[in-house]
>>> print(open('upload.cif').read())   # mmCIF, C-alpha atoms
data_my_file
loop_
_atom_site.group_PDB
_atom_site.id
_atom_site.type_symbol
_atom_site.label_atom_id
_atom_site.label_comp_id
_atom_site.auth_asym_id
_atom_site.auth_seq_id
_atom_site.Cartn_x
_atom_site.Cartn_y
_atom_site.Cartn_z
ATOM 1 C CA MET A 1 76.943 12.055 -26.629
ATOM 2 C CA ILE A 2 77.958 15.328 -25.017
ATOM 3 C CA ASN A 3 78.562 15.027 -21.275
ATOM 4 C CA PRO A 4 76.653 17.875 -19.668
ATOM 5 C CA ILE A 5 78.594 20.268 -17.471
ATOM 6 C CA ASN A 6 77.179 19.871 -13.994
ATOM 7 C CA ILE A 7 76.928 23.358 -12.526
ATOM 8 C CA LYS A 8 75.844 22.093 -9.102
ATOM 9 C CA GLU A 9 78.885 19.847 -8.901
ATOM 10 C CA ILE A 10 81.248 22.609 -10.009
ATOM 11 C CA ASN A 11 80.032 25.075 -7.419
ATOM 12 C CA THR A 12 79.993 22.893 -4.283
ATOM 13 C CA SER A 13 82.413 23.946 -1.569
ATOM 14 C CA ASP A 14 84.630 20.854 -1.805
ATOM 15 C CA SER A 15 84.775 21.016 -5.578
ATOM 16 C CA LYS A 16 88.097 21.631 -7.261
ATOM 17 C CA SER A 17 86.355 23.507 -10.057
ATOM 18 C CA GLU A 18 84.704 26.862 -10.024
ATOM 19 C CA MET A 19 82.402 28.363 -12.636
ATOM 20 C CA ILE A 20 83.482 31.850 -13.653
ATOM 21 C CA PHE A 21 80.677 32.415 -16.142
ATOM 22 C CA ALA A 22 78.237 30.523 -18.321
ATOM 23 C CA PHE A 23 76.283 32.203 -21.089
ATOM 24 C CA ASN A 24 73.526 30.759 -23.241
ATOM 25 C CA GLY A 25 72.053 32.852 -26.040
ATOM 26 C CA VAL A 26 72.850 34.930 -29.099
ATOM 27 C CA VAL A 27 76.548 35.751 -29.306
ATOM 28 C CA THR A 28 77.023 39.334 -30.518
ATOM 29 C CA GLN A 29 80.225 41.366 -30.825
ATOM 30 C CA ASP A 30 79.200 43.444 -27.795
ATOM 31 C CA LEU A 31 78.812 40.295 -25.725
ATOM 32 C CA ILE A 32 82.258 39.034 -26.774
ATOM 33 C CA VAL A 33 83.818 42.379 -25.801
ATOM 34 C CA THR A 34 82.024 42.362 -22.428
ATOM 35 C CA LEU A 35 82.989 38.778 -21.571
ATOM 36 C CA GLY A 36 86.546 39.450 -22.774
ATOM 37 C CA GLU A 37 86.766 42.381 -20.356
ATOM 38 C CA THR A 38 85.276 40.205 -17.618
ATOM 39 C CA ILE A 39 88.064 37.691 -18.189
ATOM 40 C CA ARG A 40 90.757 40.376 -18.002
ATOM 41 C CA GLY A 41 89.236 41.999 -14.922
ATOM 42 C CA GLU A 42 88.376 38.885 -12.931
ATOM 43 C CA LEU A 43 91.384 36.710 -13.762
ATOM 44 C CA SER A 44 93.931 39.500 -13.209
ATOM 45 C CA LEU A 45 93.063 39.407 -9.512
ATOM 46 C CA TYR A 46 94.644 35.983 -9.016
ATOM 47 C CA THR A 47 96.360 34.945 -12.260
ATOM 48 C CA LYS A 48 99.674 35.784 -13.919
ATOM 49 C CA PRO A 49 99.292 38.312 -16.769
ATOM 50 C CA HIS A 50 100.666 35.860 -19.295
ATOM 51 C CA LEU A 51 97.992 33.266 -18.455
ATOM 52 C CA VAL A 52 95.234 35.922 -18.444
ATOM 53 C CA ASN A 53 96.266 36.923 -21.969
ATOM 54 C CA ARG A 54 96.259 33.330 -23.138
ATOM 55 C CA VAL A 55 92.782 32.606 -21.723
ATOM 56 C CA PHE A 56 91.515 35.892 -23.209
ATOM 57 C CA ALA A 57 92.932 35.152 -26.682
ATOM 58 C CA THR A 58 91.600 31.594 -26.742
ATOM 59 C CA PHE A 59 88.180 32.689 -25.516
ATOM 60 C CA ILE A 60 87.880 35.388 -28.215
ATOM 61 C CA GLU A 61 88.602 32.918 -31.045
ATOM 62 C CA MET A 62 86.174 30.352 -29.607
ATOM 63 C CA ALA A 63 83.373 32.885 -29.014
ATOM 64 C CA GLN A 64 83.827 34.300 -32.545
ATOM 65 C CA ASN A 65 83.377 30.778 -33.806
ATOM 66 C CA VAL A 66 79.913 30.600 -32.212
ATOM 67 C CA MET A 67 79.020 34.114 -33.448
ATOM 68 C CA HIS A 68 80.007 33.381 -37.055
ATOM 69 C CA TYR A 69 79.375 29.669 -37.510
ATOM 70 C CA SER A 70 76.564 28.505 -35.226
ATOM 71 C CA ASP A 71 73.838 27.030 -37.399
ATOM 72 C CA GLU A 72 71.192 28.700 -35.205
ATOM 73 C CA LYS A 73 71.172 32.286 -36.459
ATOM 74 C CA PHE A 74 69.422 35.457 -35.367
ATOM 75 C CA TYR A 75 69.319 38.752 -37.247
ATOM 76 C CA PHE A 76 69.903 42.295 -35.896
ATOM 77 C CA ASP A 77 70.611 45.315 -38.117
ATOM 78 C CA GLN A 78 70.736 43.060 -41.201
ATOM 79 C CA LYS A 79 73.608 41.120 -39.663
ATOM 80 C CA SER A 80 73.408 37.566 -38.422
ATOM 81 C CA TYR A 81 74.659 36.279 -35.092
ATOM 82 C CA GLY A 82 74.944 32.684 -33.936
ATOM 83 C CA LYS A 83 73.388 31.249 -30.826
ATOM 84 C CA GLY A 84 75.263 29.027 -28.423
ATOM 85 C CA GLN A 85 76.871 28.609 -25.027
ATOM 86 C CA LEU A 86 80.111 30.121 -23.729
ATOM 87 C CA ILE A 87 81.459 28.737 -20.475
ATOM 88 C CA LEU A 88 84.598 29.491 -18.455
ATOM 89 C CA ILE A 89 85.622 27.225 -15.587
ATOM 90 C CA LYS A 90 88.592 27.507 -13.243
ATOM 91 C CA ASN A 91 90.054 24.248 -11.953
ATOM 92 C CA ASN A 92 93.249 22.960 -10.359
ATOM 93 C CA ASP A 93 95.240 22.875 -13.590
ATOM 94 C CA GLY A 94 94.177 26.229 -14.966
ATOM 95 C CA PHE A 95 91.148 27.294 -16.980
ATOM 96 C CA GLU A 96 88.746 25.426 -19.219
ATOM 97 C CA ILE A 97 86.833 27.201 -21.978
ATOM 98 C CA VAL A 98 83.791 25.453 -23.446
ATOM 99 C CA ILE A 99 81.640 26.404 -26.425
ATOM 100 C CA ILE A 100 78.489 24.588 -27.517
ATOM 101 C CA ASN A 101 76.491 25.392 -30.630
ATOM 102 C CA ARG A 102 74.365 23.783 -33.333
ATOM 103 C CA VAL A 103 76.003 22.764 -36.619
ATOM 104 C CA ASN A 104 74.645 21.164 -39.778
ATOM 105 C CA GLU A 105 75.872 17.961 -41.419
ATOM 106 C CA THR A 106 78.305 19.715 -43.789
ATOM 107 C CA GLN A 107 79.784 21.769 -40.957
ATOM 108 C CA LYS A 108 80.174 18.648 -38.813
ATOM 109 C CA LYS A 109 82.158 16.877 -41.537
ATOM 110 C CA ALA A 110 84.424 19.917 -42.013
ATOM 111 C CA LEU A 111 84.949 20.253 -38.250
ATOM 112 C CA VAL A 112 85.832 16.566 -37.808
ATOM 113 C CA LYS A 113 88.385 16.839 -40.620
ATOM 114 C CA LYS A 114 89.896 20.054 -39.285
ATOM 115 C CA VAL A 115 90.188 18.758 -35.711
ATOM 116 C CA GLU A 116 91.720 15.451 -36.872
ATOM 117 C CA LEU A 117 94.359 17.370 -38.830
ATOM 118 C CA VAL A 118 95.187 19.728 -35.962
ATOM 119 C CA ASN A 119 95.247 16.983 -33.310
ATOM 120 C CA LYS A 120 97.864 14.869 -35.037
ATOM 121 C CA MET A 121 100.313 17.748 -35.317
ATOM 122 C CA ASN A 122 103.063 18.728 -32.902
ATOM 123 C CA LYS A 123 103.940 22.283 -31.880
ATOM 124 C CA ASN A 124 106.236 23.024 -34.827
ATOM 125 C CA GLU A 125 103.915 21.457 -37.393
ATOM 126 C CA LEU A 126 101.053 23.615 -36.068
ATOM 127 C CA LYS A 127 103.217 26.717 -36.341
ATOM 128 C CA ASP A 128 104.126 25.886 -39.958
ATOM 129 C CA LEU A 129 100.494 25.150 -40.835
ATOM 130 C CA TYR A 130 99.401 28.439 -39.263
ATOM 131 C CA ILE A 131 101.949 30.490 -41.197
ATOM 132 C CA LYS A 132 101.249 28.665 -44.467
ATOM 133 C CA THR A 133 97.451 28.941 -44.110
ATOM 134 C CA ARG A 134 97.665 32.647 -43.284
ATOM 135 C CA ARG A 135 99.780 33.328 -46.355
ATOM 136 C CA GLN A 136 97.500 31.381 -48.712
ATOM 137 C CA LYS A 137 94.067 32.473 -47.554
ATOM 138 C CA SER A 138 92.471 35.316 -49.433
ATOM 139 C CA ILE A 139 91.283 38.061 -47.133
ATOM 140 C CA ASP A 140 87.633 38.063 -48.219
ATOM 141 C CA SER A 141 87.101 34.297 -48.399
ATOM 142 C CA ALA A 142 85.134 34.208 -45.165
ATOM 143 C CA LYS A 143 84.456 36.173 -42.005
ATOM 144 C CA GLY A 144 87.312 34.357 -40.378
ATOM 145 C CA ALA A 145 90.696 33.641 -41.818
ATOM 146 C CA GLY A 146 90.323 29.873 -41.240
ATOM 147 C CA LEU A 147 93.069 30.072 -38.659
ATOM 148 C CA GLY A 148 91.042 29.941 -35.459
ATOM 149 C CA PHE A 149 91.308 26.230 -34.685
ATOM 150 C CA ILE A 150 95.050 26.156 -35.314
ATOM 151 C CA ASP A 151 95.492 29.179 -33.047
ATOM 152 C CA ILE A 152 93.355 27.622 -30.296
ATOM 153 C CA ALA A 153 95.335 24.348 -30.453
ATOM 154 C CA ARG A 154 98.637 26.236 -30.316
ATOM 155 C CA ARG A 155 97.637 28.303 -27.299
ATOM 156 C CA SER A 156 96.306 25.277 -25.416
ATOM 157 C CA GLY A 157 99.171 22.930 -26.277
ATOM 158 C CA LEU A 158 96.754 19.994 -25.807
ATOM 159 C CA PRO A 159 94.597 18.108 -28.337
ATOM 160 C CA LEU A 160 91.251 19.768 -29.078
ATOM 161 C CA ASN A 161 88.482 17.957 -27.237
ATOM 162 C CA VAL A 162 85.361 17.862 -29.425
ATOM 163 C CA ASP A 163 82.022 16.073 -29.152
ATOM 164 C CA PHE A 164 78.908 15.896 -31.272
ATOM 165 C CA GLU A 165 75.359 14.936 -30.353
ATOM 166 C CA ASN A 166 72.582 14.271 -32.859
ATOM 167 C CA ILE A 167 69.638 16.664 -32.683
ATOM 168 C CA ASP A 168 67.834 15.391 -35.799
ATOM 169 C CA SER A 169 68.934 13.978 -39.137
ATOM 170 C CA PHE A 170 70.322 17.331 -40.276
ATOM 171 C CA HIS A 171 71.629 18.955 -37.109
ATOM 172 C CA HIS A 172 74.140 18.238 -34.372
ATOM 173 C CA LEU A 173 75.179 19.876 -31.169
ATOM 174 C CA PHE A 174 78.891 20.649 -31.318
ATOM 175 C CA GLN A 175 81.007 21.024 -28.196
ATOM 176 C CA LEU A 176 84.614 22.169 -27.976
ATOM 177 C CA ARG A 177 86.454 22.065 -24.629
ATOM 178 C CA VAL A 178 89.879 23.657 -24.376
ATOM 179 C CA MET A 179 92.222 23.618 -21.390
ATOM 180 C CA ILE A 180 94.651 26.462 -20.771
ATOM 181 C CA GLN A 181 97.072 25.207 -18.133
ATOM 182 C CA GLU A 182 99.141 27.135 -15.646
ATOM 183 C CA SER A 183 102.709 26.860 -16.813
ATOM 184 C CA MET B 1 96.862 62.818 -49.712
ATOM 185 C CA GLU B 2 94.667 63.004 -46.646
ATOM 186 C CA ARG B 3 95.784 61.698 -43.286
ATOM 187 C CA LEU B 4 94.138 58.431 -42.275
ATOM 188 C CA LEU B 5 92.641 58.677 -38.812
ATOM 189 C CA ILE B 6 90.553 55.975 -37.169
ATOM 190 C CA LYS B 7 89.568 56.306 -33.531
ATOM 191 C CA PRO B 8 90.040 53.271 -31.303
ATOM 192 C CA THR B 9 87.257 51.153 -29.841
ATOM 193 C CA LYS B 10 87.517 48.341 -27.310
ATOM 194 C CA CYS B 11 87.987 45.829 -30.140
ATOM 195 C CA THR B 12 89.619 47.888 -32.904
ATOM 196 C CA PRO B 13 92.929 49.789 -32.815
ATOM 197 C CA GLU B 14 93.638 53.480 -33.297
ATOM 198 C CA ILE B 15 95.054 54.114 -36.758
ATOM 199 C CA VAL B 16 97.054 57.254 -37.571
ATOM 200 C CA PHE B 17 98.801 57.305 -40.945
ATOM 201 C CA ASP B 18 100.403 60.646 -41.793
ATOM 202 C CA PRO B 19 101.522 60.677 -45.452
ATOM 203 C CA GLU B 20 103.536 63.924 -45.178
ATOM 204 C CA LYS B 21 105.716 62.815 -42.284
ATOM 205 C CA GLY B 22 105.621 59.123 -43.223
ATOM 206 C CA ALA B 23 104.586 58.449 -39.618
ATOM 207 C CA PHE B 24 102.198 55.508 -39.307
ATOM 208 C CA SER B 25 100.872 54.024 -36.091
ATOM 209 C CA ILE B 26 98.577 51.195 -35.044
ATOM 210 C CA TYR B 27 97.758 51.136 -31.316
ATOM 211 C CA GLY B 28 95.316 49.055 -29.320
ATOM 212 C CA ALA B 29 93.509 45.745 -29.623
ATOM 213 C CA SER B 30 92.100 44.123 -32.738
ATOM 214 C CA TYR B 31 89.248 41.632 -32.689
ATOM 215 C CA PRO B 32 86.559 43.281 -34.800
ATOM 216 C CA GLU B 33 83.300 41.605 -35.722
ATOM 217 C CA ASN B 34 84.477 41.591 -39.331
ATOM 218 C CA ALA B 35 88.216 42.149 -39.790
ATOM 219 C CA TYR B 36 87.864 42.382 -43.579
ATOM 220 C CA GLU B 37 85.403 45.262 -43.278
ATOM 221 C CA PHE B 38 87.592 47.093 -40.740
ATOM 222 C CA TYR B 39 90.902 46.707 -42.605
ATOM 223 C CA THR B 40 89.738 47.192 -46.227
ATOM 224 C CA PRO B 41 89.762 51.041 -46.068
ATOM 225 C CA ILE B 42 93.209 50.916 -44.402
ATOM 226 C CA ILE B 43 94.615 48.602 -47.072
ATOM 227 C CA ASP B 44 93.052 50.774 -49.814
ATOM 228 C CA TRP B 45 94.675 53.870 -48.264
ATOM 229 C CA ILE B 46 98.103 52.169 -48.311
ATOM 230 C CA ASP B 47 97.612 51.133 -51.966
ATOM 231 C CA ASN B 48 96.905 54.742 -52.786
ATOM 232 C CA PHE B 49 99.914 55.952 -50.780
ATOM 233 C CA ILE B 50 102.239 53.506 -52.546
ATOM 234 C CA LYS B 51 100.946 54.604 -55.934
ATOM 235 C CA ASN B 52 101.399 58.323 -55.253
ATOM 236 C CA GLU B 53 104.523 58.606 -53.112
ATOM 237 C CA LYS B 54 108.177 58.324 -54.113
ATOM 238 C CA ASP B 55 111.501 58.584 -52.200
ATOM 239 C CA LYS B 56 109.737 58.422 -48.881
ATOM 240 C CA ASN B 57 110.795 57.325 -45.420
ATOM 241 C CA VAL B 58 108.061 55.537 -43.543
ATOM 242 C CA GLU B 59 108.154 54.616 -39.882
ATOM 243 C CA LEU B 60 105.396 52.322 -38.659
ATOM 244 C CA ASN B 61 104.937 52.038 -34.891
ATOM 245 C CA VAL B 62 102.791 49.155 -33.690
ATOM 246 C CA LYS B 63 101.669 48.472 -30.153
ATOM 247 C CA MET B 64 98.980 45.841 -29.874
ATOM 248 C CA GLN B 65 97.824 44.258 -26.694
ATOM 249 C CA TYR B 66 95.986 41.597 -28.720
ATOM 250 C CA PHE B 67 95.074 40.799 -32.319
ATOM 251 C CA ASP B 68 92.912 37.880 -33.399
ATOM 252 C CA THR B 69 93.685 35.506 -36.281
ATOM 253 C CA SER B 70 91.538 37.403 -38.834
ATOM 254 C CA SER B 71 93.267 40.662 -37.915
ATOM 255 C CA SER B 72 96.670 38.977 -38.221
ATOM 256 C CA LYS B 73 95.825 38.094 -41.836
ATOM 257 C CA CYS B 74 95.037 41.770 -42.490
ATOM 258 C CA LEU B 75 98.184 42.977 -40.677
ATOM 259 C CA LEU B 76 100.247 40.614 -42.825
ATOM 260 C CA ILE B 77 98.739 42.163 -45.969
ATOM 261 C CA ILE B 78 99.680 45.645 -44.691
ATOM 262 C CA LEU B 79 103.273 44.509 -43.982
ATOM 263 C CA GLU B 80 103.526 42.857 -47.424
ATOM 264 C CA LYS B 81 102.467 46.118 -49.064
ATOM 265 C CA LEU B 82 105.033 48.080 -47.048
ATOM 266 C CA GLU B 83 107.654 45.501 -48.018
ATOM 267 C CA SER B 84 107.015 46.133 -51.719
ATOM 268 C CA PHE B 85 107.152 49.892 -51.076
ATOM 269 C CA HIS B 86 110.481 49.414 -49.277
ATOM 270 C CA LYS B 87 111.888 47.388 -52.192
ATOM 271 C CA ASN B 88 110.935 50.179 -54.540
ATOM 272 C CA ASN B 89 113.616 52.697 -53.471
ATOM 273 C CA ASN B 90 111.848 53.862 -50.348
ATOM 274 C CA LYS B 91 112.755 53.275 -46.716
ATOM 275 C CA VAL B 92 110.369 51.578 -44.332
ATOM 276 C CA ASN B 93 111.098 50.748 -40.723
ATOM 277 C CA VAL B 94 108.732 49.002 -38.313
ATOM 278 C CA ASN B 95 108.978 49.397 -34.529
ATOM 279 C CA TRP B 96 106.940 46.779 -32.721
ATOM 280 C CA LEU B 97 106.375 47.567 -29.052
ATOM 281 C CA TYR B 98 105.486 44.746 -26.681
ATOM 282 C CA HIS B 99 104.919 44.189 -22.998
ATOM 283 C CA GLU B 100 107.425 41.911 -21.316
ATOM 284 C CA ASP B 101 104.686 39.847 -19.620
ATOM 285 C CA ASP B 102 103.167 38.948 -22.929
ATOM 286 C CA PHE B 103 105.472 36.534 -24.730
ATOM 287 C CA ASP B 104 102.552 35.078 -26.756
ATOM 288 C CA SER B 105 102.033 38.481 -28.390
ATOM 289 C CA LEU B 106 105.742 38.852 -29.119
ATOM 290 C CA GLU B 107 105.748 35.405 -30.735
ATOM 291 C CA SER B 108 102.673 36.321 -32.836
ATOM 292 C CA ALA B 109 104.409 39.515 -33.919
ATOM 293 C CA GLU B 110 107.673 37.739 -34.786
ATOM 294 C CA GLU B 111 105.775 35.233 -36.917
ATOM 295 C CA LEU B 112 104.259 38.043 -38.986
ATOM 296 C CA PHE B 113 107.727 38.938 -40.278
ATOM 297 C CA ILE B 114 108.765 35.399 -41.279
ATOM 298 C CA GLY B 115 109.695 35.464 -44.967
ATOM 299 C CA LEU B 116 109.372 39.255 -45.217
ATOM 300 C CA LYS B 117 112.294 41.485 -46.147
ATOM 301 C CA LEU B 118 111.156 44.445 -44.120
ATOM 302 C CA PRO B 119 113.400 46.192 -41.547
ATOM 303 C CA HIS B 120 111.860 45.889 -38.094
ATOM 304 C CA ARG B 121 112.739 45.731 -34.442
ATOM 305 C CA PHE B 122 110.922 44.643 -31.314
ATOM 306 C CA ILE B 123 111.041 47.028 -28.393
ATOM 307 C CA LYS B 124 110.312 45.901 -24.848
ATOM 308 C CA GLU B 125 108.265 48.429 -22.914
#
>>> encode(input="upload.cif", output="C-alpha cells")
Amino acid sequence: MINPINIKEINTSDSKSEMIFAFNGVVTQDLIVTLGETIRGELSLYTKPHLVNRVFATFIEMAQNVMHYSDEKFYFDQKSYGKGQLILIKNNDGFEIVIINRVNETQKKALVKKVELVNKMNKNELKDLYIKTRRQKSIDSAKGAGLGFIDIARRSGLPLNVDFENIDSFHHLFQLRVMIQES
Amino acid sequence: MERLLIKPTKCTPEIVFDPEKGAFSIYGASYPENAYEFYTPIIDWIDNFIKNEKDKNVELNVKMQYFDTSSSKCLLIILEKLESFHKNNNKVNVNWLYHEDDFDSLESAEELFIGLKLPHRFIKE
C-alpha cells in the first residue's frame, strides 16, 4: 500500500516539511526542463550549489523515468509520453523527490529485481556496477541507458524506497521516494 | 569535410567540431528527450572524420554543467572513438572544464576516462 503524501500536513505552519512543487499529468520533455529550471532557481536562493546540482540531477533521472516508462501513455507528434506524479518536498534533512506512475506486471517484476540489486550494494559496488553497465549497454537498446536507478542510488547514498499498490490484476501504482540530504 | 555545428538548447549542448583546425567543443547541459537521437549524427560525423583524416592533432574542450546517464553513455562512445584515433598515429587531447562547486560533475567526468588511454586534464574554472 502506498502511503499518500498529505499536502495539508506538509504545508501547516508548524510542519517541518514544505512542498516545493507537486505535478500530476503527462510528463513531457518541456515539463522536465521547466521543473528542472524551477529547482535551480528556487533552491539556489537558500541551498548550497553542490546540493542544488544533486537534487537537479536526481530529479531529471526520476522524471525521465516517468516520461519513458509509465504504463499510462499519451501521444503528441507521434511520440509517446508517460503520465504520473512528480513531487519535491523540502524537510529538515534536505530534499525528498517522489515519483508515482502506473506500471504493468512485467515492469513491476523488473523494478523489484533492479531495486533489490541496487539496495544491497555499497558505494564502491554501485560505482563498479555503473561503470560496467555503461560499458556493456548498446546505445540503441532503449531510450535510457539502463543506468538511471544506479545513478539515483549513488546520488542519494541511501537505499531506494519503493512501494507498489495494486490497481487491477495487470496494473500497479509504483512509487519511488528518494532523499537527498544536506551534507 | 564540413564543420559540425549544433546550436545549444536548454537540454542539449552546443557542438562545434572543426575538422581543419582539429578544434572540437561540447558546451552546455545534456538531458535530451532521446539521447540516442541527439548523439547519433555526432557519432556518425566522428566516424567519418576518423576515416578521412590522418596525422591530425585534435583538441576537445568539454564544459558541461550537467549530463544525464543516457548522455554519459553517448559521451563515452565519443571518447572511445577519439581514443582509437589517438592510437592510430594521431594526437588527441581532452580538456575538461569544471566548476569548483560541482564535485559530482567532476566525479562523473573522471569516471568517463576509467580504462581509456586518452590524454586528458581537468581544469578548474
>>> interface_residues(input="upload.cif", of="chain A", to="chain B", cutoff="9 Å", atoms="all atoms listed in the file", output="short mmCIF file (atom, residue, chain, number, x, y, z; two decimals) with C-alpha atoms, in the coordinates of the input")
data_model
loop_
_atom_site.label_atom_id
_atom_site.label_comp_id
_atom_site.auth_asym_id
_atom_site.auth_seq_id
_atom_site.Cartn_x
_atom_site.Cartn_y
_atom_site.Cartn_z
CA THR A 28 77.02 39.33 -30.52
CA GLN A 29 80.22 41.37 -30.82
CA VAL A 33 83.82 42.38 -25.80
CA LYS A 48 99.67 35.78 -13.92
CA PRO A 49 99.29 38.31 -16.77
CA HIS A 50 100.67 35.86 -19.30
CA LEU A 51 97.99 33.27 -18.45
CA ASN A 53 96.27 36.92 -21.97
CA ARG A 54 96.26 33.33 -23.14
CA ALA A 57 92.93 35.15 -26.68
CA ILE A 60 87.88 35.39 -28.22
CA GLU A 61 88.60 32.92 -31.04
CA GLN A 64 83.83 34.30 -32.54
CA MET A 67 79.02 34.11 -33.45
CA HIS A 68 80.01 33.38 -37.06
CA LYS A 127 103.22 26.72 -36.34
CA ILE A 131 101.95 30.49 -41.20
CA ARG A 134 97.66 32.65 -43.28
CA ARG A 135 99.78 33.33 -46.36
CA LYS A 137 94.07 32.47 -47.55
CA SER A 138 92.47 35.32 -49.43
CA ILE A 139 91.28 38.06 -47.13
CA ASP A 140 87.63 38.06 -48.22
CA ALA A 142 85.13 34.21 -45.16
CA LYS A 143 84.46 36.17 -42.00
CA GLY A 144 87.31 34.36 -40.38
CA ALA A 145 90.70 33.64 -41.82
CA GLY A 146 90.32 29.87 -41.24
CA LEU A 147 93.07 30.07 -38.66
CA GLY A 148 91.04 29.94 -35.46
CA ASP A 151 95.49 29.18 -33.05
CA ARG A 155 97.64 28.30 -27.30
#
>>> resolve_selection(input="upload.cif", expression="the PyMOL selection byres ((chain A and resi 96) around 8)", output="PyMOL selection string")
chain A and resi 88-91+94-95+97-98+177-180
>>> atom_distance(input="upload.cif", atom1="CA of Leu117 in chain A", atom2="CA of Ser156 in chain A")
15.7 Å
>>> closest_residue(input="upload.cif", among="B:Lys63, B:Lys91, B:His86, B:Arg3", to="Ile123 in chain B", atoms="only C-alpha atoms")
B:Lys63
>>> resolve_selection(input="upload.cif", expression="the PyMOL selection byres ((chain A and resi 71) around 8)", output="VMD selection string")
chain A and resid 69 to 70 72 to 73 82 to 83 101 to 104
>>> residues_around(input="upload.cif", residues="Val94 in chain B", least_positions_apart="5", cutoff="8 Å", atoms="all atoms listed in the file", output="ChimeraX atom specification")
/B:59-62,118-121
>>> write_last_selection(input="upload.cif", atoms="C-alpha atoms", output="tab-separated table (two decimals), in the coordinates of the input")
chain	number	residue	atom	x	y	z
B	59	GLU	CA	108.15	54.62	-39.88
B	60	LEU	CA	105.40	52.32	-38.66
B	61	ASN	CA	104.94	52.04	-34.89
B	62	VAL	CA	102.79	49.16	-33.69
B	118	LEU	CA	111.16	44.44	-44.12
B	119	PRO	CA	113.40	46.19	-41.55
B	120	HIS	CA	111.86	45.89	-38.09
B	121	ARG	CA	112.74	45.73	-34.44
>>> atom_distance(input="upload.cif", atom1="CA of Phe74 in chain A", atom2="CA of Gln107 in chain A")
18.1 Å
>>> closest_residue(input="upload.cif", among="A:Leu129, A:Ala22, A:Met121, A:Ile2", to="Asn161 in chain A", atoms="all atoms listed in the file")
A:Ile2
>>> residues_around(input="upload.cif", residues="Ile100 in chain A", least_positions_apart="2", cutoff="7 Å", atoms="all atoms listed in the file", output="ChimeraX atom specification")
/A:84-86,98,173-176
>>> closest_residue(input="upload.cif", among="A:Asp128, A:Ala153, A:Asn65, A:Ile20", to="Glu42 in chain A", atoms="all atoms listed in the file")
A:Ile20
